[in-house]
>>> print(open('model-v5.tsv').read())   # TSV, C-alpha atoms
chain	number	residue	atom	x	y	z
A	1	MET	CA	0.00	0.00	0.00
A	2	ILE	CA	1.31	3.47	-0.88
A	3	GLY	CA	1.19	5.96	2.00
A	4	VAL	CA	0.38	9.63	1.56
A	5	HIS	CA	2.37	12.03	3.73
A	6	PRO	CA	1.72	15.76	4.21
A	7	PRO	CA	4.36	18.26	3.01
A	8	GLY	CA	7.41	18.42	5.26
A	9	ILE	CA	6.69	15.00	6.87
A	10	ARG	CA	8.78	12.21	5.40
A	11	HIS	CA	8.33	8.49	5.89
A	12	ARG	CA	10.80	6.97	8.31
A	13	ARG	CA	12.87	4.28	6.67
A	14	GLY	CA	14.19	2.61	9.80
A	15	PRO	CA	14.49	2.85	13.59
A	16	LEU	CA	16.27	5.80	15.14
A	17	GLY	CA	18.42	3.58	17.32
A	18	ALA	CA	20.36	0.36	17.00
A	19	GLY	CA	18.44	-2.92	16.94
A	20	GLY	CA	16.94	-3.84	20.32
A	21	ALA	CA	17.22	-0.29	21.69
A	22	ASP	CA	14.67	0.64	24.35
A	23	VAL	CA	11.78	2.41	22.57
A	24	ALA	CA	11.10	4.79	25.46
A	25	ALA	CA	14.76	5.83	25.57
A	26	VAL	CA	14.81	6.41	21.81
A	27	LEU	CA	11.66	8.55	21.95
A	28	ARG	CA	12.99	10.50	24.91
A	29	SER	CA	16.27	11.18	23.13
A	30	ALA	CA	14.42	12.24	19.97
A	31	ARG	CA	12.28	14.68	21.95
A	32	GLU	CA	15.33	16.13	23.68
A	33	MET	CA	17.08	16.68	20.35
A	34	ALA	CA	13.99	18.41	18.96
A	35	ASP	CA	13.90	20.66	22.03
A	36	GLU	CA	17.54	21.62	21.46
A	37	PHE	CA	16.56	23.04	18.07
A	38	ALA	CA	13.87	25.33	19.52
A	39	GLY	CA	16.11	28.33	18.79
A	40	GLY	CA	17.20	27.09	15.37
A	41	LEU	CA	20.39	25.49	14.05
A	42	THR	CA	23.00	27.28	16.17
A	43	PRO	CA	26.55	26.08	17.02
A	44	GLN	CA	25.51	25.45	20.64
A	45	ALA	CA	22.45	23.46	19.62
A	46	ALA	CA	24.46	21.54	17.02
A	47	ASP	CA	27.04	20.48	19.63
A	48	ARG	CA	24.36	19.28	22.05
A	49	VAL	CA	22.42	17.42	19.35
A	50	ALA	CA	25.62	15.82	18.04
A	51	ARG	CA	26.36	14.43	21.52
A	52	ARG	CA	22.84	12.99	21.82
A	53	ALA	CA	22.92	11.57	18.29
A	54	ARG	CA	26.29	9.90	18.89
A	55	LYS	CA	24.93	8.18	21.99
A	56	LEU	CA	21.68	7.20	20.28
A	57	LEU	CA	23.42	5.63	17.26
A	58	ASP	CA	26.41	4.30	19.24
A	59	ALA	CA	28.65	6.06	16.72
A	60	ALA	CA	32.34	6.90	16.81
A	61	GLY	CA	31.58	10.50	15.94
A	62	VAL	CA	28.81	12.82	14.75
A	63	VAL	CA	29.08	16.13	12.91
A	64	LEU	CA	26.19	18.51	12.22
A	65	CYS	CA	26.71	20.92	9.33
A	66	ASP	CA	24.86	23.94	8.04
A	67	LEU	CA	25.15	25.05	4.43
A	68	SER	CA	28.54	26.67	5.09
A	69	GLY	CA	30.21	23.67	6.75
A	70	PRO	CA	30.61	21.85	10.10
A	71	LEU	CA	28.75	23.55	12.94
A	72	GLY	CA	28.86	21.17	15.90
A	73	ALA	CA	30.47	17.81	16.63
A	74	ALA	CA	30.89	15.03	19.18
A	75	GLY	CA	33.43	12.20	19.38
A	76	LYS	CA	35.85	11.47	16.53
A	77	VAL	CA	35.59	14.22	13.91
A	78	ARG	CA	36.55	13.20	10.38
A	79	GLU	CA	38.58	15.61	8.28
A	80	ASP	CA	36.37	14.89	5.27
A	81	ALA	CA	33.09	15.56	7.16
A	82	GLY	CA	32.48	18.82	5.28
A	83	ALA	CA	33.13	17.22	1.90
A	84	LEU	CA	30.86	14.28	2.72
A	85	ALA	CA	28.12	16.67	3.83
A	86	ASP	CA	28.46	18.59	0.55
A	87	ARG	CA	27.99	15.36	-1.42
A	88	ALA	CA	24.83	14.50	0.53
A	89	LEU	CA	23.45	18.02	-0.03
A	90	THR	CA	24.28	17.91	-3.75
A	91	ASP	CA	22.73	14.46	-4.25
A	92	GLY	CA	19.78	15.13	-1.92
A	93	ARG	CA	20.13	11.68	-0.34
A	94	PRO	CA	22.42	9.74	2.00
A	95	VAL	CA	25.95	9.04	0.79
A	96	ARG	CA	28.56	6.71	2.20
A	97	GLY	CA	32.24	7.41	2.60
A	98	ALA	CA	35.00	5.33	4.16
A	99	GLY	CA	33.52	4.43	7.55
A	100	ALA	CA	30.92	7.21	7.58
A	101	VAL	CA	27.45	8.10	6.28
A	102	ALA	CA	26.08	11.59	5.57
A	103	ALA	CA	22.43	12.53	5.05
A	104	PRO	CA	20.87	15.92	4.23
A	105	LEU	CA	18.72	17.84	6.71
A	106	LEU	CA	15.65	19.25	4.98
A	107	THR	CA	13.17	21.82	6.26
A	108	GLY	CA	10.24	21.21	3.98
A	109	ALA	CA	11.90	20.70	0.60
A	110	GLU	CA	14.81	23.06	1.31
A	111	PRO	CA	18.25	21.81	2.44
A	112	THR	CA	19.34	23.27	5.78
A	113	GLY	CA	22.45	21.24	6.49
A	114	ALA	CA	23.68	17.69	6.84
A	115	LEU	CA	24.23	14.98	9.43
A	116	VAL	CA	27.53	13.07	9.22
A	117	VAL	CA	27.91	9.90	11.32
A	118	ALA	CA	31.20	8.03	11.62
A	119	GLY	CA	31.40	4.34	12.50
A	120	ASP	CA	32.26	1.02	10.88
A	121	GLU	CA	28.78	-0.48	11.38
A	122	ILE	CA	26.57	2.58	10.88
A	123	ALA	CA	23.49	1.82	8.76
A	124	ALA	CA	22.56	4.39	6.14
A	125	ASP	CA	18.82	3.97	6.80
A	126	GLN	CA	19.29	4.85	10.48
A	127	VAL	CA	21.27	7.99	9.62
A	128	GLU	CA	18.62	8.97	7.07
A	129	ALA	CA	15.81	8.38	9.58
A	130	LEU	CA	17.55	10.56	12.17
A	131	ALA	CA	18.28	13.26	9.57
A	132	ASP	CA	14.57	13.21	8.62
A	133	TRP	CA	13.58	13.68	12.25
A	134	LEU	CA	16.07	16.50	12.83
A	135	GLY	CA	14.93	18.26	9.66
A	136	GLU	CA	11.33	18.14	10.82
A	137	ALA	CA	12.35	19.45	14.25
A	138	LEU	CA	14.15	22.35	12.57
A	139	GLU	CA	11.12	23.04	10.40
A	140	ARG	CA	8.88	23.26	13.47
A	141	ALA	CA	11.42	25.54	15.15
A	142	VAL	CA	11.55	27.87	12.14
A	143	LEU	CA	7.74	28.10	12.08
A	144	GLY	CA	7.65	28.74	15.82
A	145	LEU	CA	10.26	31.50	15.61
A	146	ALA	CA	8.39	33.11	12.71
A	147	ARG	CA	5.15	33.09	14.70
A	148	GLU	CA	6.88	34.64	17.72
A	149	GLU	CA	8.51	37.34	15.60
A	150	LEU	CA	5.13	38.18	14.06
A	151	ALA	CA	3.50	38.41	17.48
A	152	LEU	CA	6.29	40.67	18.77
A	153	ALA	CA	5.96	42.90	15.71
A	154	GLU	CA	2.22	43.19	16.32
A	155	LEU	CA	2.88	44.06	19.98
A	156	SER	CA	5.35	46.80	19.01
A	157	ARG	CA	2.78	48.13	16.57
A	158	LEU	CA	0.12	48.18	19.27
A	159	ARG	CA	2.40	49.98	21.74
A	160	ALA	CA	2.94	52.67	19.11
A	161	GLN	CA	-0.83	53.04	18.79
A	162	ILE	CA	-1.79	53.52	22.44
A	163	SER	CA	-4.59	55.98	21.82
A	164	PRO	CA	-3.54	59.65	21.82
A	165	HIS	CA	-7.27	60.23	22.37
A	166	PHE	CA	-7.05	58.49	25.76
A	167	LEU	CA	-3.74	60.11	26.74
A	168	TYR	CA	-5.03	63.61	25.98
A	169	ASN	CA	-8.35	63.12	27.77
A	170	ALA	CA	-6.81	61.46	30.83
A	171	LEU	CA	-4.33	64.30	31.30
A	172	SER	CA	-7.11	66.86	30.72
A	173	ALA	CA	-9.24	65.19	33.41
A	174	ILE	CA	-6.33	65.30	35.85
A	175	ALA	CA	-5.59	68.93	35.02
A	176	SER	CA	-9.23	69.90	35.68
A	177	LEU	CA	-8.89	68.63	39.26
A	178	VAL	CA	-5.62	70.36	40.11
A	179	ARG	CA	-7.34	73.34	41.76
A	180	SER	CA	-10.67	71.87	42.84
A	181	ASP	CA	-9.36	68.57	44.24
A	182	PRO	CA	-5.54	68.55	44.26
A	183	GLU	CA	-5.38	65.40	46.38
A	184	ARG	CA	-7.36	63.40	43.84
A	185	ALA	CA	-5.43	64.96	40.95
A	186	ARG	CA	-2.17	63.80	42.54
A	187	ASP	CA	-3.51	60.25	43.06
A	188	LEU	CA	-4.72	60.07	39.47
A	189	LEU	CA	-1.39	61.32	38.18
A	190	VAL	CA	0.35	58.52	40.09
A	191	GLU	CA	-2.08	56.00	38.61
A	192	PHE	CA	-1.53	57.45	35.12
A	193	SER	CA	2.25	57.12	35.44
A	194	GLU	CA	1.83	53.51	36.61
A	195	LEU	CA	-0.33	52.68	33.61
A	196	ALA	CA	2.10	54.39	31.21
A	197	ARG	CA	5.02	52.47	32.75
A	198	TYR	CA	3.14	49.20	32.28
A	199	ALA	CA	2.07	49.94	28.69
A	200	PHE	CA	5.48	51.11	27.50
A	201	SER	CA	7.69	48.80	29.56
A	202	GLY	CA	10.33	46.71	27.83
A	203	ARG	CA	8.76	43.43	28.95
A	204	GLY	CA	8.22	40.64	26.43
A	205	GLN	CA	4.99	39.68	24.79
A	206	PHE	CA	3.42	37.86	27.76
A	207	THR	CA	2.07	38.91	31.12
A	208	THR	CA	-0.39	37.43	33.64
A	209	VAL	CA	-4.13	37.86	34.06
A	210	ALA	CA	-3.43	39.51	37.44
A	211	GLU	CA	-1.17	42.18	35.92
A	212	GLU	CA	-3.46	42.81	32.97
A	213	PHE	CA	-6.54	43.25	35.21
A	214	ARG	CA	-4.60	45.56	37.52
A	215	ALA	CA	-3.73	47.76	34.53
A	216	ILE	CA	-7.39	47.77	33.46
A	217	GLU	CA	-8.54	48.87	36.92
A	218	VAL	CA	-6.14	51.82	36.70
A	219	TYR	CA	-7.33	52.60	33.18
A	220	LEU	CA	-10.98	52.56	34.27
A	221	GLN	CA	-10.23	54.77	37.27
A	222	LEU	CA	-8.81	57.40	34.93
A	223	GLU	CA	-11.79	57.11	32.60
A	224	ARG	CA	-14.25	57.45	35.51
A	225	ALA	CA	-12.51	60.69	36.45
A	226	ARG	CA	-13.25	61.95	32.95
A	227	PHE	CA	-16.83	60.68	32.54
A	228	GLY	CA	-18.01	61.06	36.14
A	229	SER	CA	-21.45	59.51	36.74
A	230	ARG	CA	-21.85	58.71	33.02
A	231	LEU	CA	-19.53	55.73	33.36
A	232	CYS	CA	-20.16	52.74	35.63
A	233	THR	CA	-17.69	49.87	35.71
A	234	SER	CA	-17.55	46.31	37.00
A	235	VAL	CA	-14.36	44.23	37.15
A	236	ARG	CA	-14.55	40.62	38.35
A	237	VAL	CA	-11.89	37.96	38.01
A	238	ALA	CA	-11.76	34.48	39.52
A	239	PRO	CA	-8.71	33.95	41.77
A	240	GLU	CA	-7.77	30.70	40.05
A	241	VAL	CA	-7.04	32.44	36.73
A	242	LEU	CA	-4.88	35.25	38.14
A	243	PRO	CA	-1.56	33.40	37.43
A	244	VAL	CA	-2.61	32.43	33.88
A	245	THR	CA	-0.33	33.68	31.11
A	246	LEU	CA	-1.82	35.81	28.33
A	247	PRO	CA	-0.48	38.20	25.68
A	248	PHE	CA	0.63	41.59	26.98
A	249	LEU	CA	-1.76	44.53	26.31
A	250	THR	CA	-4.68	42.30	25.38
A	251	LEU	CA	-7.38	43.93	27.49
A	252	GLN	CA	-6.69	47.66	27.15
A	253	PRO	CA	-7.71	47.97	23.46
A	254	LEU	CA	-10.95	46.05	24.17
A	255	VAL	CA	-11.90	48.23	27.13
A	256	GLU	CA	-10.97	51.40	25.24
A	257	ASN	CA	-13.19	50.26	22.36
A	258	ALA	CA	-16.10	49.69	24.79
A	259	ILE	CA	-15.78	53.19	26.26
A	260	ARG	CA	-14.98	55.11	23.12
A	261	HIS	CA	-17.49	53.48	20.77
A	262	GLY	CA	-20.05	52.14	23.22
A	263	ILE	CA	-20.39	54.57	26.13
A	264	GLU	CA	-19.04	57.91	24.90
A	265	PRO	CA	-21.61	58.37	22.07
A	266	ARG	CA	-24.54	57.88	24.48
A	267	ARG	CA	-25.84	60.95	26.28
A	268	GLY	CA	-26.65	59.00	29.41
A	269	GLY	CA	-23.43	56.97	29.40
A	270	GLY	CA	-23.51	53.34	30.44
A	271	THR	CA	-21.69	50.42	32.04
A	272	VAL	CA	-18.54	48.51	31.08
A	273	SER	CA	-18.02	45.08	32.63
A	274	VAL	CA	-14.81	43.04	32.51
A	275	THR	CA	-14.80	39.44	33.74
A	276	GLY	CA	-12.31	36.58	33.81
A	277	ALA	CA	-13.05	32.97	34.75
A	278	ALA	CA	-11.95	29.39	34.10
A	279	VAL	CA	-14.17	27.60	31.61
A	280	GLY	CA	-13.04	24.05	30.89
A	281	PRO	CA	-9.38	24.05	29.79
A	282	ASP	CA	-9.37	27.79	29.10
A	283	CYS	CA	-9.40	31.15	30.83
A	284	THR	CA	-12.30	33.08	29.29
A	285	ILE	CA	-12.25	36.88	29.45
A	286	THR	CA	-15.19	39.07	28.48
A	287	VAL	CA	-15.46	42.83	27.96
A	288	GLU	CA	-19.07	43.99	27.68
A	289	ASP	CA	-20.81	47.35	27.41
A	290	ASP	CA	-24.48	48.35	27.21
A	291	GLY	CA	-23.72	51.22	24.84
A	292	ALA	CA	-24.35	52.09	21.23
A	293	GLY	CA	-23.38	48.77	19.66
A	294	MET	CA	-22.57	48.46	15.95
A	295	ASP	CA	-23.58	46.66	12.80
A	296	PRO	CA	-22.21	43.07	12.89
A	297	GLU	CA	-20.81	43.52	9.37
A	298	LEU	CA	-18.84	46.54	10.56
A	299	ALA	CA	-17.52	44.52	13.50
A	300	GLU	CA	-16.39	41.81	11.08
A	301	ALA	CA	-14.61	44.41	8.94
A	302	VAL	CA	-12.88	45.87	12.02
A	303	LEU	CA	-11.52	42.45	13.04
A	304	ALA	CA	-10.31	41.87	9.50
A	305	GLY	CA	-8.40	45.18	9.61
A	306	ARG	CA	-10.72	46.83	7.09
A	307	GLY	CA	-12.56	49.08	9.55
A	308	GLU	CA	-11.86	52.58	10.78
A	309	ARG	CA	-8.42	53.40	12.18
A	310	SER	CA	-9.70	53.36	15.77
A	311	GLY	CA	-10.46	49.65	15.31
A	312	ILE	CA	-6.81	48.75	14.63
A	313	GLY	CA	-6.34	47.75	18.29
A	314	LEU	CA	-9.06	45.08	18.03
A	315	ALA	CA	-7.62	43.65	14.81
A	316	ASN	CA	-4.15	43.63	16.41
A	317	VAL	CA	-5.33	41.72	19.49
A	318	ASP	CA	-7.29	39.25	17.35
A	319	GLN	CA	-4.26	38.60	15.12
A	320	ARG	CA	-1.90	38.08	18.06
A	321	LEU	CA	-4.26	35.62	19.77
A	322	ARG	CA	-4.68	33.58	16.59
A	323	THR	CA	-0.96	33.62	15.85
A	324	LEU	CA	0.05	32.50	19.35
A	325	TYR	CA	-2.65	29.95	20.17
A	326	GLY	CA	-4.33	28.93	16.91
A	327	PRO	CA	-7.22	30.13	14.72
A	328	GLU	CA	-9.87	29.06	17.23
A	329	TYR	CA	-8.54	31.51	19.84
A	330	GLY	CA	-9.44	34.83	18.19
A	331	LEU	CA	-11.89	37.46	19.42
A	332	VAL	CA	-15.60	36.68	19.39
A	333	VAL	CA	-17.72	39.83	18.96
A	334	GLU	CA	-21.47	39.92	19.68
A	335	THR	CA	-23.12	43.22	18.85
A	336	ALA	CA	-26.02	45.01	17.16
A	337	PRO	CA	-26.98	48.69	16.83
A	338	GLY	CA	-28.39	49.91	20.14
A	339	ALA	CA	-27.75	46.57	21.86
A	340	GLY	CA	-24.25	47.09	23.22
A	341	THR	CA	-21.20	44.93	22.50
A	342	ARG	CA	-19.71	41.85	24.08
A	343	ILE	CA	-16.16	40.77	23.16
A	344	THR	CA	-14.90	37.42	24.42
A	345	PHE	CA	-11.60	35.63	24.04
A	346	ARG	CA	-9.93	32.56	25.50
A	347	VAL	CA	-6.38	31.61	26.40
A	348	PRO	CA	-5.31	28.15	27.57
A	349	LEU	CA	-5.08	27.74	31.34
A	350	SER	CA	-1.77	26.02	30.71
A	351	ALA	CA	0.32	26.84	27.64
A	352	PRO	CA	3.76	25.11	27.62
A	353	GLY	CA	6.63	27.39	26.65
A	354	MET	CA	4.60	30.55	27.14
A	355	ALA	CA	5.91	31.65	30.48
A	356	THR	CA	5.83	35.34	31.33
A	357	ARG	CA	8.98	37.07	30.05
>>> encode(input="model-v5.tsv", output="structure tokens")
Amino acid sequence: MIGVHPPGIRHRRGPLGAGGADVAAVLRSAREMADEFAGGLTPQAADRVARRARKLLDAAGVVLCDLSGPLGAAGKVREDAGALADRALTDGRPVRGAGAVAAPLLTGAEPTGALVVAGDEIAADQVEALADWLGEALERAVLGLAREELALAELSRLRAQISPHFLYNALSAIASLVRSDPERARDLLVEFSELARYAFSGRGQFTTVAEEFRAIEVYLQLERARFGSRLCTSVRVAPEVLPVTLPFLTLQPLVENAIRHGIEPRRGGGTVSVTGAAVGPDCTITVEDDGAGMDPELAEAVLAGRGERSGIGLANVDQRLRTLYGPEYGLVVETAPGAGTRITFRVPLSAPGMATR
């Protein structure tokens, strides 16, 4: 029977280890080698993978090469390792030299480097199987790095777009209290500086639910100073989700959207509610207002990045969530003219490798 394999996944032609090797140990070693490549094919990673590969194959020596030559090695290093790697890359298949076998590393269909294994009894199919596995690990690493770079670029873009509308109005509200209520003006100025420090800090792309909700409470305090009795707020978060990791600056654009487009246009104002709770395997966060609402088709255009400029924050958050967690983790918007707006999103309660940084 002929098997069909998706692009980038190649059929394994033999076991990763020598005959009779413990399956659990082989799988564990394979996973550890894949983890070493999380940051790409670097000299440090190549050295560590070469050591693991030498032990796994019981080889005299192992050399990992990139397209420019040997990058990392373990054990006996052959002088002709670079030349043997070049032959494997040129032929696109394993080649055998005197007491050594070389096989190309492919990411998708593109050559990335080569694996050279020295030993008198090294089987070519084992070297090829390991090279296949390492190529796939590198391919996953490249995709992961690309996703992270995209998310970081979107975060930098969002930081640059922290609404001048909000900054101007918050400072105006504080200034209006300087003479009539200097004590409150001072407290609000302290809160404003704390929020600005949080929003423009040099932290990475992740934070915690606790930190994000704290920033939102400060943000809402400043907006209440501006709107007075026209703005009511409710913030509720379940204690069990406070340590959960989520993308930095996820909530602020959603709350700003609720106030600016939901509450501000209404003469009588309204209420903005922010909640966070554990629902199944996810932390579910909701931002809801009872304000003006919008046409669902307009909301769809905003999320797609085709709406007005003030909707860029929503599109940015939606894109980052989908990039980091998968297409099913984007924003869900429920709205209609005159019926307010509810925006919901989820993040996994536990997301390996996404620690706060």
>>> closest_atom_pairs(input="model-v5.tsv", of="range 322-353 of chain A", to="range 247-252 of chain A", cutoff="10 Å", atoms="only C-alpha atoms", output="CSV")
residue,atom,partner,partner_atom,distance
A:Leu324,CA,A:Pro247,CA,8.5
A:Phe345,CA,A:Thr250,CA,9.7
A:Val347,CA,A:Pro247,CA,8.9
>>> atom_distance(input="model-v5.tsv", atom1="CA of Ala173 in chain A", atom2="CA of Asp289 in chain A")
22.1 Å
>>> closest_residue(input="model-v5.tsv", among="A:Glu191, A:Ala238, A:Glu300, A:Leu171", to="Glu217 in chain A", atoms="all atoms listed in the file")
A:Glu191
>>> atom_distance(input="model-v5.tsv", atom1="CA of Ser273 in chain A", atom2="CA of Arg236 in chain A")
8.0 Å
>>> axis_aligned_box(input="model-v5.tsv", around="range 69-81 of chain A", padding_each_side="5 Å", output="AutoDock Vina command-line options")
--center_x 33.7 --center_y 17.6 --center_z 12.3 --size_x 19.8 --size_y 22.2 --size_z 24.1
>>> atom_distance(input="model-v5.tsv", atom1="CA of Asp47 in chain A", atom2="CA of Val63 in chain A")
8.3 Å
>>> closest_residue(input="model-v5.tsv", among="A:Leu254, A:Ala129, A:Val241, A:Ile122", to="Tyr219 in chain A", atoms="all atoms listed in the file")
A:Leu254
>>> residues_around(input="model-v5.tsv", residues="Tyr325 in chain A", least_positions_apart="5", cutoff="10 Å", atoms="all atoms listed in the file", output="list in words")
Arg320, Gly330, Arg346, Val347, Pro348 and Ala351 of chain A
>>> closest_residue(input="model-v5.tsv", among="A:Leu303, A:Met294, A:Ile263, A:Ala114", to="Val127 in chain A", atoms="all atoms listed in the file")
A:Ala114
>>> closest_residue(input="model-v5.tsv", among="A:Pro327, A:Gly276, A:Gly61, A:Gly113", to="Leu246 in chain A", atoms="only C-alpha atoms")
A:Gly276
>>> closest_residue(input="model-v5.tsv", among="A:Ala301, A:Leu130, A:Ala100, A:Leu106", to="Ala50 in chain A", atoms="all atoms listed in the file")
A:Leu130
